[in-house]
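Encoded as structure tokens, the structure appears first; notes follow it.
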Amino acid sequence: MTRYWMISDRNVSGDRLGRSHSGLSYWVSDHQQIDKLSNWSRRTEAQFRALLAGDAAAFPVLDGSLHEQQRHVTLFVHGYNNDWEDAALRYRSLCERLFGGADSLGICILFTWPSDGMATNYLPDRADARKAAPDLASVLVSLYDWMLQKQGEQDPQKACRAKTSIIAHSMGNYVLQNAMQLAWTRSNRPLLVSLINQLVMVAADVDNDLFDSGETVDGSDGDAMANLTYRITALYSGRDSVLGLSAGLKHFGKRRLGRSGLDDPGAVPDNVWQVDCSPLFKPDQEGIHSAYFEEARTLELMRQILKGVDRRVITGGGIT
């Protein structure tokens with residue numbers, strides 16, 4: 001089974017992926033040092049899809065009552081101020097913590113977009129995020145078409161054996177927000193099949209009123225995300241100083257979802273909820289914005305969410 005997977009719309013620059021936007025490229029690797037592009041093998045989209053389908057087909061066939069044990073194909077979308085090497089190393093850490101070993105959740109794929117990797121380039125990164133959205137939308141539409149095909153499969157041995165999930169961090173949620181709106185529109189706003197089973201929005205650098213349309217179908221970005229996803233979980237912390245900077249730079253709009261939580265938790269769609277992660281970090285924890293991927297308790301929370309454990313069990317079981 002292939003160890004590491006990557007889809008990117010960054011340009012190739014020597015032995016790395018650069019800061020400029022380019023066409024989609026597909027990569028696989030079994031090497032531990034994945035922050036060197038020479039340790040990746042480039043594949044065509046068709047080859048990548050065939051490899052992924054083959055590895056997912058090796059997942060066990062489970063009875064519906066065991067859905068929490070079902071394996072995942074999860075897309076990880078990194079955030080602001082990540083050059084390619086940063087994104088690759090964070091992705092590797094996530095794979096080691098959640099997608100490796102005997103209790104692996106399945107397969108994780110890195111989607112890396114051309115963030116500048118510079119703390120001073122917040123506004124240029126937002127422009128890059130908008131530019132990357134159509135590329136991520138193309139990936140999501142391809143995934144949706146493949147899932148529709150699998151839904152009609154009569155042979156249990158050929159049916160889909162994986163849940164599809166997304167973990168998006170920081171401004172990666174802004175890329176995803178725009179991409180899901182495009183995917184929803186391109187697929188004629190499908191309502192029959194959930195594209196994503198679990199979406200985990202980690203320290204999301206998006207407006208915290210994103211889902212305020214509630215159950216009303218109004219065509220907004222939040223409406224698109226809620227309709228394409230079985231369950232959306234926003235992880236936030238008021239201790240996130242990076243998102244404090246983001247709010248200060250915007251000068252308009254709403255507070256950041258990843259710092260303040262949902263604008264009105266009672267007004268959002270039923271499949272959207274949040275967890276205040278501040279108590280899960282150490283009192284002297286620094287770098288909260290990235291610490292979600294380093295703290296054992298937040299990683300365990302992500303695991304339980306991705307498995308599809310009921311929110312009342314998660315909140316009542318001591319995890320939060």
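Chain labels run A, B, ... following the order of the structure tokens; each chain numbers its residues from 1, and ligands are numbered from 1 in the order shown.
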Counting only C-alpha atoms, what is within 10 Å of A:Ser278, bar same-chain residues fewer than 6 positions away, as a PyMOL selection string? chain A and resi 235-240+259+285+288+298+320
Enumerate as a list in words all residues of stretch 27-64 of chain A assigned to strand (DSSP E or B) by DSSP on the backbone, naming them with the chain letters and numbers the document uses.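 Restricting stretch 27-64 of chain A to strand (DSSP E or B) produces Trp27, Val28, Ser29, Ser41, Arg42 and Arg43 of chain A.
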Keeping N, CA and C atoms, export the residues of the selection given above as a PDB file, in the first residue's frame.
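New file part.pdb:
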```pdb
ATOM      1  N   TRP A  27       1.197  13.002  -7.118  1.00  0.00           N
ATOM      2  CA  TRP A  27       2.454  12.433  -6.657  1.00  0.00           C
ATOM      3  C   TRP A  27       2.205  11.336  -5.620  1.00  0.00           C
ATOM      4  N   VAL A  28       3.115  10.357  -5.570  1.00  0.00           N
ATOM      5  CA  VAL A  28       3.090   9.317  -4.534  1.00  0.00           C
ATOM      6  C   VAL A  28       4.509   9.095  -4.040  1.00  0.00           C
ATOM      7  N   SER A  29       4.621   8.593  -2.807  1.00  0.00           N
ATOM      8  CA  SER A  29       5.942   8.335  -2.237  1.00  0.00           C
ATOM      9  C   SER A  29       5.851   7.285  -1.146  1.00  0.00           C
ATOM     10  N   SER A  41       7.254  10.348  -6.685  1.00  0.00           N
ATOM     11  CA  SER A  41       7.097   9.908  -8.075  1.00  0.00           C
ATOM     12  C   SER A  41       5.843  10.550  -8.647  1.00  0.00           C
ATOM     13  N   ARG A  42       5.990  11.222  -9.767  1.00  0.00           N
ATOM     14  CA  ARG A  42       4.840  11.884 -10.378  1.00  0.00           C
ATOM     15  C   ARG A  42       4.001  10.880 -11.159  1.00  0.00           C
ATOM     16  N   ARG A  43       2.690  11.027 -11.066  1.00  0.00           N
ATOM     17  CA  ARG A  43       1.761  10.155 -11.768  1.00  0.00           C
ATOM     18  C   ARG A  43       0.748  10.997 -12.533  1.00  0.00           C
TER      19      ARG A  43
END
```
Kindly indicate which residue among A:Cys95, A:Ile34, A:Leu66, A:Leu136 lies nearest to A:Val309, using only C-alpha atoms for the distances.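 Selected residue with least distance to A:Val309: A:Leu66.
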Test item: residues at most 7 Å from stretch 30-33 of chain A, only C-alpha atoms, excluding those fewer than 4 positions along its chain, as number ranges by chain: A: 2-4, 39
Counting only C-alpha atoms, the option among A:Gln47, A:Gln198, A:Thr315, A:Ser220 closest to A:Ala168: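 Using only C-alpha atoms, A:Ala168 sits closest to A:Gln198.
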Set the distance at 7 Å and use only C-alpha atoms: which residues neighbour stretch 10-15 of chain A once local chain neighbours fewer than 6 positions away are removed? I'd like the list as JSON, numbers by chain. {"A": [21, 22, 36, 37, 38, 113, 114]}
Output C-alpha atoms for every residue in the selection just made, as a CSV table (one decimal), in the first residue's frame.
```
chain,number,residue,atom,x,y,z
A,21,HIS,CA,0.2,28.6,-9.2
A,22,SER,CA,0.4,25.9,-11.8
A,36,LYS,CA,12.4,16.5,-1.1
A,37,LEU,CA,10.6,16.3,-4.4
A,38,SER,CA,13.1,13.8,-5.7
A,113,TRP,CA,-1.7,25.1,-2.7
A,114,PRO,CA,0.8,27.9,-3.3
```
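Closest approach to A:Met201 among A:Trp184, A:Tyr26, A:Tyr80, A:Trp273: A:Trp273, based on only C-alpha atoms.
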Find the residues near A:Ala56: any atom within 7 Å, counting only C-alpha atoms, skip ones fewer than 4 places away on the same chain, and give them as a list in words.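 What passes the distance filter is Leu52, Arg161 and Ala162 of chain A.
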Please, could you write that set of residues out with N, CA and C atoms as a PDB file, in the first residue's frame?
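Saved to result-v8.pdb:
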```pdb
ATOM      1  N   LEU A  52      -5.057   4.812  -6.049  1.00  0.00           N
ATOM      2  CA  LEU A  52      -5.856   5.113  -4.870  1.00  0.00           C
ATOM      3  C   LEU A  52      -7.037   4.149  -4.753  1.00  0.00           C
ATOM      4  N   ARG A 161     -15.423   1.002   0.004  1.00  0.00           N
ATOM      5  CA  ARG A 161     -15.093   0.504   1.338  1.00  0.00           C
ATOM      6  C   ARG A 161     -14.535   1.598   2.238  1.00  0.00           C
ATOM      7  N   ALA A 162     -14.570   2.827   1.771  1.00  0.00           N
ATOM      8  CA  ALA A 162     -13.944   3.918   2.531  1.00  0.00           C
ATOM      9  C   ALA A 162     -14.911   5.076   2.713  1.00  0.00           C
TER      10      ALA A 162
END
```
Skipping near chain neighbours, those fewer than 2 positions away, what residues fall within 10 Å of A:Pro279 using only C-alpha atoms, listed as a ChimeraX atom specification? /A:237,276-277,281-283,297,320
Write to file, as a PDB file, in the first residue's frame, the residues of the selection just made, with C-alpha atoms.
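Output file again_17.pdb follows:
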```pdb
ATOM      1  CA  SER A 237      -9.617  28.404  20.610  1.00  0.00           C
ATOM      2  CA  ASP A 276     -13.695  24.821  22.160  1.00  0.00           C
ATOM      3  CA  CYS A 277     -10.233  23.253  22.311  1.00  0.00           C
ATOM      4  CA  PHE A 281      -3.896  22.677  25.493  1.00  0.00           C
ATOM      5  CA  LYS A 282      -1.387  23.152  28.291  1.00  0.00           C
ATOM      6  CA  PRO A 283      -1.700  26.438  30.225  1.00  0.00           C
ATOM      7  CA  ARG A 297      -5.720  15.273  23.151  1.00  0.00           C
ATOM      8  CA  THR A 320     -13.246  17.402  25.319  1.00  0.00           C
TER       9      THR A 320
END
```
Each residue of stretch 179-236 of chain A lying at most 12 Å from stretch 71-78 of chain A should get a row with its shortest atom-to-atom pair and the distance in Å to one decimal, counting only C-alpha atoms; could you produce that, ordered by chain and increasing number, as CSV?
```
residue,atom,partner,partner_atom,distance
A:Ala179,CA,A:Val77,CA,11.5
A:Leu195,CA,A:Thr74,CA,11.9
A:Ile196,CA,A:Thr74,CA,9.3
A:Asn197,CA,A:His72,CA,9.3
A:Gln198,CA,A:Thr74,CA,9.0
A:Leu199,CA,A:Thr74,CA,9.3
A:Val200,CA,A:Phe76,CA,9.7
A:Met201,CA,A:Val77,CA,9.9
A:Val202,CA,A:His78,CA,9.8
A:Ala203,CA,A:His78,CA,11.0
A:Ala204,CA,A:His78,CA,10.7
A:Asp205,CA,A:His78,CA,11.5
```
Check the smallest atom-to-atom distance from each of A:Pro269, A:Gly258, A:Gly222, A:Gly23 to A:Ser241 using only C-alpha atoms, then report the winner. A:Gly258
What does the structure give for the distance between atom CA of A:Phe48 and atom CA of A:Phe111, in Å to one decimal?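 Distance reported for this atom pair: 13.5 Å.
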So how many Å separate atom CA of A:Arg312 and atom CA of A:Ala226, to one decimal?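 Result for atom CA of A:Arg312 versus atom CA of A:Ala226: 19.6 Å, one decimal.
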So that I can see what lies close to A:Asp103, please list as a ChimeraX atom specification the residues with an atom at most 12 Å from it, counting only C-alpha atoms and leaving out residues fewer than 6 positions away in the same chain. /A:69-72,95-97,300,303,307
Length of the atom CA of A:Asn82 to atom CA of A:Ser165 vector [Å]: 21.7 Å
Of the candidates A:Ala53, A:Val206, A:Leu89, A:Leu94, which shows the shortest atom-to-atom distance to A:Leu143, using only C-alpha atoms?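 Nearest to A:Leu143: A:Ala53.
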Which of these residues is nearest to A:Ile167, using only C-alpha atoms: A:Gly317, A:Gly308, A:Gly219, A:Gly79?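 So, comparing all the options, the nearest one is A:Gly79.
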